[in-house]
Amino acid sequence: MRITQAHVRGVYATALQYLDDGQAPVEARHVHRALDSAIHRRHAGADRRDKRALRHMALDGLPDWTSAATGADFAAQLRQAARLGLDLDEMVGRPYAPVAAGIWFHGAYSARRVRACEAWPSRPSYDGRPWLRLWTDDEEAPNPVVLAAKFAA
């Protein structure tokens, strides 16, 4: 497995689900546990060497978590690192298919069209990816234009 920045961003986005974003101080064991859980969730089929290399690359690219006073501060920094390269304003006005493909290849999120008749899923998508909601101009068209985009978490 060739580890890329997309893998790391995906681990960061999934690790947010395992972090306590309250007012308690962040400790190294919490960060390591969240990253390990995210790696095992997103890359269950990878061998130990790949998981270890991904863990080291994710730890090297982390925001300065020692300066984050609380879990909420660190979660905000981690969320920003996971979303690096995704600009919601650039998605508006473009066809759905290329926007969804760009989100998928970014590595951290999964795109989902918002439809009035469908309930929003309560669980993460494929491999633990958080959702990115996309509102389109036509719910039934195969490739409608994106009107708005919003992170679900």
# chains A, B, ... in the order shown; residues from 1 in each chain; ligands from 1
>>> residues_around(residues="Val8 of chain A", least_positions_apart="5", cutoff="10 Å", atoms="only C-alpha atoms", output="ChimeraX atom specification")
/A:3,13-14,35,39,54-59,61-62,81-82,107-108
>>> write_last_selection(atoms="C-alpha atoms", output="compact mmCIF listing (two decimals), in the first residue's frame")
# COMPACT_ATOMS: atom_id res chain seq x y z
CA ILE A 3 0.40 5.83 1.72
CA ALA A 13 -11.66 12.71 9.60
CA THR A 14 -12.48 9.28 11.04
CA LEU A 35 -5.77 7.44 15.40
CA ILE A 39 -6.70 3.34 10.99
CA LEU A 54 0.21 5.22 8.20
CA ARG A 55 0.17 5.82 11.95
CA HIS A 56 3.62 7.45 11.83
CA MET A 57 2.67 9.60 8.85
CA ALA A 58 -0.56 10.67 10.57
CA LEU A 59 1.28 11.50 13.80
CA GLY A 61 1.25 15.56 10.16
CA LEU A 62 -0.86 16.26 13.24
CA ALA A 81 -6.45 19.35 8.81
CA ALA A 82 -8.91 16.75 7.48
CA GLY A 107 -9.91 10.85 0.93
CA ALA A 108 -11.60 12.21 4.03
>>> select_by_dssp(residues="segment 94-133 of chain A", states="alpha helix (DSSP H)", output="ChimeraX atom specification")
/A:96-106
>>> write_last_selection(atoms="all heavy atoms", output="CSV table (one decimal), in the first residue's frame")
chain,number,residue,atom,x,y,z
A,96,TYR,N,-22.9,17.3,-10.3
A,96,TYR,CA,-22.7,16.4,-9.1
A,96,TYR,C,-21.6,15.4,-9.3
A,96,TYR,O,-20.8,15.2,-8.3
A,96,TYR,CB,-24.0,15.7,-8.8
A,96,TYR,CG,-23.9,14.7,-7.7
A,96,TYR,CD1,-23.9,15.1,-6.4
A,96,TYR,CD2,-23.9,13.3,-8.0
A,96,TYR,CE1,-23.8,14.1,-5.4
A,96,TYR,CE2,-23.8,12.4,-7.0
A,96,TYR,CZ,-23.7,12.8,-5.7
A,96,TYR,OH,-23.6,11.8,-4.7
A,97,ALA,N,-21.5,14.7,-10.4
A,97,ALA,CA,-20.6,13.6,-10.6
A,97,ALA,C,-19.1,14.0,-10.4
A,97,ALA,O,-18.4,13.4,-9.6
A,97,ALA,CB,-20.8,12.9,-11.9
A,98,PRO,N,-18.6,15.1,-11.0
A,98,PRO,CA,-17.2,15.4,-10.7
A,98,PRO,C,-17.0,15.9,-9.3
A,98,PRO,O,-15.9,15.7,-8.8
A,98,PRO,CB,-16.9,16.6,-11.8
A,98,PRO,CG,-18.1,16.7,-12.6
A,98,PRO,CD,-19.2,15.8,-12.1
A,99,VAL,N,-18.0,16.6,-8.7
A,99,VAL,CA,-17.9,17.0,-7.3
A,99,VAL,C,-17.8,15.8,-6.4
A,99,VAL,O,-16.9,15.8,-5.6
A,99,VAL,CB,-19.1,17.9,-6.9
A,99,VAL,CG1,-19.1,18.2,-5.5
A,99,VAL,CG2,-19.0,19.2,-7.7
A,100,ALA,N,-18.6,14.8,-6.6
A,100,ALA,CA,-18.6,13.6,-5.8
A,100,ALA,C,-17.3,12.9,-5.9
A,100,ALA,O,-16.7,12.4,-5.0
A,100,ALA,CB,-19.8,12.7,-6.1
A,101,ALA,N,-16.8,12.8,-7.2
A,101,ALA,CA,-15.5,12.1,-7.4
A,101,ALA,C,-14.4,12.9,-6.7
A,101,ALA,O,-13.5,12.2,-6.2
A,101,ALA,CB,-15.3,12.0,-8.9
A,102,GLY,N,-14.4,14.2,-6.8
A,102,GLY,CA,-13.3,15.0,-6.1
A,102,GLY,C,-13.3,14.8,-4.6
A,102,GLY,O,-12.3,14.7,-4.0
A,103,ILE,N,-14.5,14.7,-4.1
A,103,ILE,CA,-14.6,14.5,-2.6
A,103,ILE,C,-14.1,13.1,-2.3
A,103,ILE,O,-13.4,12.9,-1.3
A,103,ILE,CB,-16.1,14.6,-2.2
A,103,ILE,CG1,-16.6,16.1,-2.3
A,103,ILE,CG2,-16.3,14.1,-0.8
A,103,ILE,CD1,-18.0,16.3,-2.2
A,104,TRP,N,-14.4,12.1,-3.1
A,104,TRP,CA,-14.0,10.7,-2.8
A,104,TRP,C,-12.5,10.7,-2.9
A,104,TRP,O,-11.8,10.1,-2.0
A,104,TRP,CB,-14.6,9.7,-3.8
A,104,TRP,CG,-14.2,8.3,-3.5
A,104,TRP,CD1,-13.2,7.6,-4.2
A,104,TRP,CD2,-14.7,7.5,-2.5
A,104,TRP,NE1,-13.1,6.4,-3.6
A,104,TRP,CE2,-14.0,6.3,-2.6
A,104,TRP,CE3,-15.6,7.7,-1.5
A,104,TRP,CZ2,-14.2,5.2,-1.7
A,104,TRP,CZ3,-15.9,6.6,-0.6
A,104,TRP,CH2,-15.2,5.4,-0.8
A,105,PHE,N,-11.9,11.2,-3.9
A,105,PHE,CA,-10.4,11.2,-4.1
A,105,PHE,C,-9.7,12.1,-3.1
A,105,PHE,O,-8.5,11.9,-2.9
A,105,PHE,CB,-10.0,11.5,-5.5
A,105,PHE,CG,-10.3,10.3,-6.4
A,105,PHE,CD1,-11.3,10.4,-7.4
A,105,PHE,CD2,-9.6,9.2,-6.3
A,105,PHE,CE1,-11.6,9.4,-8.2
A,105,PHE,CE2,-9.9,8.1,-7.2
A,105,PHE,CZ,-10.9,8.2,-8.1
A,106,HIS,N,-10.4,13.0,-2.5
A,106,HIS,CA,-9.8,13.8,-1.4
A,106,HIS,C,-9.4,12.9,-0.3
A,106,HIS,O,-8.4,13.1,0.4
A,106,HIS,CB,-10.7,14.9,-1.0
A,106,HIS,CG,-10.3,15.7,0.2
A,106,HIS,ND1,-10.6,15.4,1.5
A,106,HIS,CD2,-9.5,16.8,0.3
A,106,HIS,CE1,-10.0,16.2,2.3
A,106,HIS,NE2,-9.3,17.1,1.6
>>> select_by_dssp(residues="chain A", states="strand (DSSP E or B)", output="MDAnalysis selection string")
chainID A and resid 95 110:113 131:136 145:151
>>> write_last_selection(atoms="N, CA and C atoms", output="PDB file, in the first residue's frame")
ATOM      1  N   PRO A  95     -21.460  20.194 -11.857  1.00  0.00           N
ATOM      2  CA  PRO A  95     -22.250  18.962 -11.894  1.00  0.00           C
ATOM      3  C   PRO A  95     -21.889  18.039 -10.715  1.00  0.00           C
ATOM      4  N   SER A 110     -17.246  11.292   2.254  1.00  0.00           N
ATOM      5  CA  SER A 110     -18.058  10.712   1.197  1.00  0.00           C
ATOM      6  C   SER A 110     -19.169  11.689   0.858  1.00  0.00           C
ATOM      7  N   ALA A 111     -19.449  11.843  -0.430  1.00  0.00           N
ATOM      8  CA  ALA A 111     -20.513  12.745  -0.861  1.00  0.00           C
ATOM      9  C   ALA A 111     -21.853  12.031  -0.771  1.00  0.00           C
ATOM     10  N   ARG A 112     -22.889  12.792  -0.459  1.00  0.00           N
ATOM     11  CA  ARG A 112     -24.238  12.230  -0.409  1.00  0.00           C
ATOM     12  C   ARG A 112     -25.220  13.315  -0.844  1.00  0.00           C
ATOM     13  N   ARG A 113     -26.050  12.958  -1.827  1.00  0.00           N
ATOM     14  CA  ARG A 113     -27.093  13.887  -2.260  1.00  0.00           C
ATOM     15  C   ARG A 113     -28.193  13.932  -1.221  1.00  0.00           C
ATOM     16  N   TRP A 131     -19.880  12.057   6.301  1.00  0.00           N
ATOM     17  CA  TRP A 131     -20.635  12.522   5.135  1.00  0.00           C
ATOM     18  C   TRP A 131     -20.381  13.992   4.829  1.00  0.00           C
ATOM     19  N   LEU A 132     -20.464  14.315   3.558  1.00  0.00           N
ATOM     20  CA  LEU A 132     -20.506  15.689   3.087  1.00  0.00           C
ATOM     21  C   LEU A 132     -21.803  15.805   2.290  1.00  0.00           C
ATOM     22  N   ARG A 133     -22.710  16.635   2.756  1.00  0.00           N
ATOM     23  CA  ARG A 133     -24.044  16.739   2.151  1.00  0.00           C
ATOM     24  C   ARG A 133     -24.016  17.680   0.946  1.00  0.00           C
ATOM     25  N   LEU A 134     -24.671  17.248  -0.126  1.00  0.00           N
ATOM     26  CA  LEU A 134     -24.762  18.047  -1.337  1.00  0.00           C
ATOM     27  C   LEU A 134     -26.227  18.217  -1.721  1.00  0.00           C
ATOM     28  N   TRP A 135     -26.679  19.464  -1.822  1.00  0.00           N
ATOM     29  CA  TRP A 135     -28.025  19.763  -2.294  1.00  0.00           C
ATOM     30  C   TRP A 135     -27.934  20.060  -3.783  1.00  0.00           C
ATOM     31  N   THR A 136     -28.850  19.485  -4.560  1.00  0.00           N
ATOM     32  CA  THR A 136     -28.812  19.638  -6.016  1.00  0.00           C
ATOM     33  C   THR A 136     -30.089  20.303  -6.516  1.00  0.00           C
ATOM     34  N   VAL A 145     -26.904  19.795 -10.952  1.00  0.00           N
ATOM     35  CA  VAL A 145     -25.967  20.833 -10.531  1.00  0.00           C
ATOM     36  C   VAL A 145     -26.036  20.978  -9.007  1.00  0.00           C
ATOM     37  N   VAL A 146     -24.882  21.107  -8.376  1.00  0.00           N
ATOM     38  CA  VAL A 146     -24.806  21.271  -6.923  1.00  0.00           C
ATOM     39  C   VAL A 146     -25.168  22.707  -6.563  1.00  0.00           C
ATOM     40  N   LEU A 147     -26.148  22.860  -5.655  1.00  0.00           N
ATOM     41  CA  LEU A 147     -26.583  24.188  -5.215  1.00  0.00           C
ATOM     42  C   LEU A 147     -25.925  24.599  -3.914  1.00  0.00           C
ATOM     43  N   ALA A 148     -25.669  23.630  -3.029  1.00  0.00           N
ATOM     44  CA  ALA A 148     -25.056  23.927  -1.734  1.00  0.00           C
ATOM     45  C   ALA A 148     -24.350  22.680  -1.215  1.00  0.00           C
ATOM     46  N   ALA A 149     -23.360  22.885  -0.369  1.00  0.00           N
ATOM     47  CA  ALA A 149     -22.608  21.781   0.231  1.00  0.00           C
ATOM     48  C   ALA A 149     -22.360  22.105   1.693  1.00  0.00           C
ATOM     49  N   LYS A 150     -22.406  21.052   2.524  1.00  0.00           N
ATOM     50  CA  LYS A 150     -22.214  21.255   3.964  1.00  0.00           C
ATOM     51  C   LYS A 150     -21.663  19.971   4.582  1.00  0.00           C
ATOM     52  N   PHE A 151     -20.698  20.114   5.490  1.00  0.00           N
ATOM     53  CA  PHE A 151     -20.171  18.971   6.212  1.00  0.00           C
ATOM     54  C   PHE A 151     -21.209  18.490   7.217  1.00  0.00           C
TER      55      PHE A 151
END
>>> closest_residue(among="A:Arg123, A:His30, A:Lys51, A:Arg129", to="Thr70 of chain A", atoms="only C-alpha atoms")
A:His30
>>> closest_residue(among="A:Tyr109, A:Met1, A:Asp73, A:Pro25", to="Arg48 of chain A", atoms="only C-alpha atoms")
A:Met1
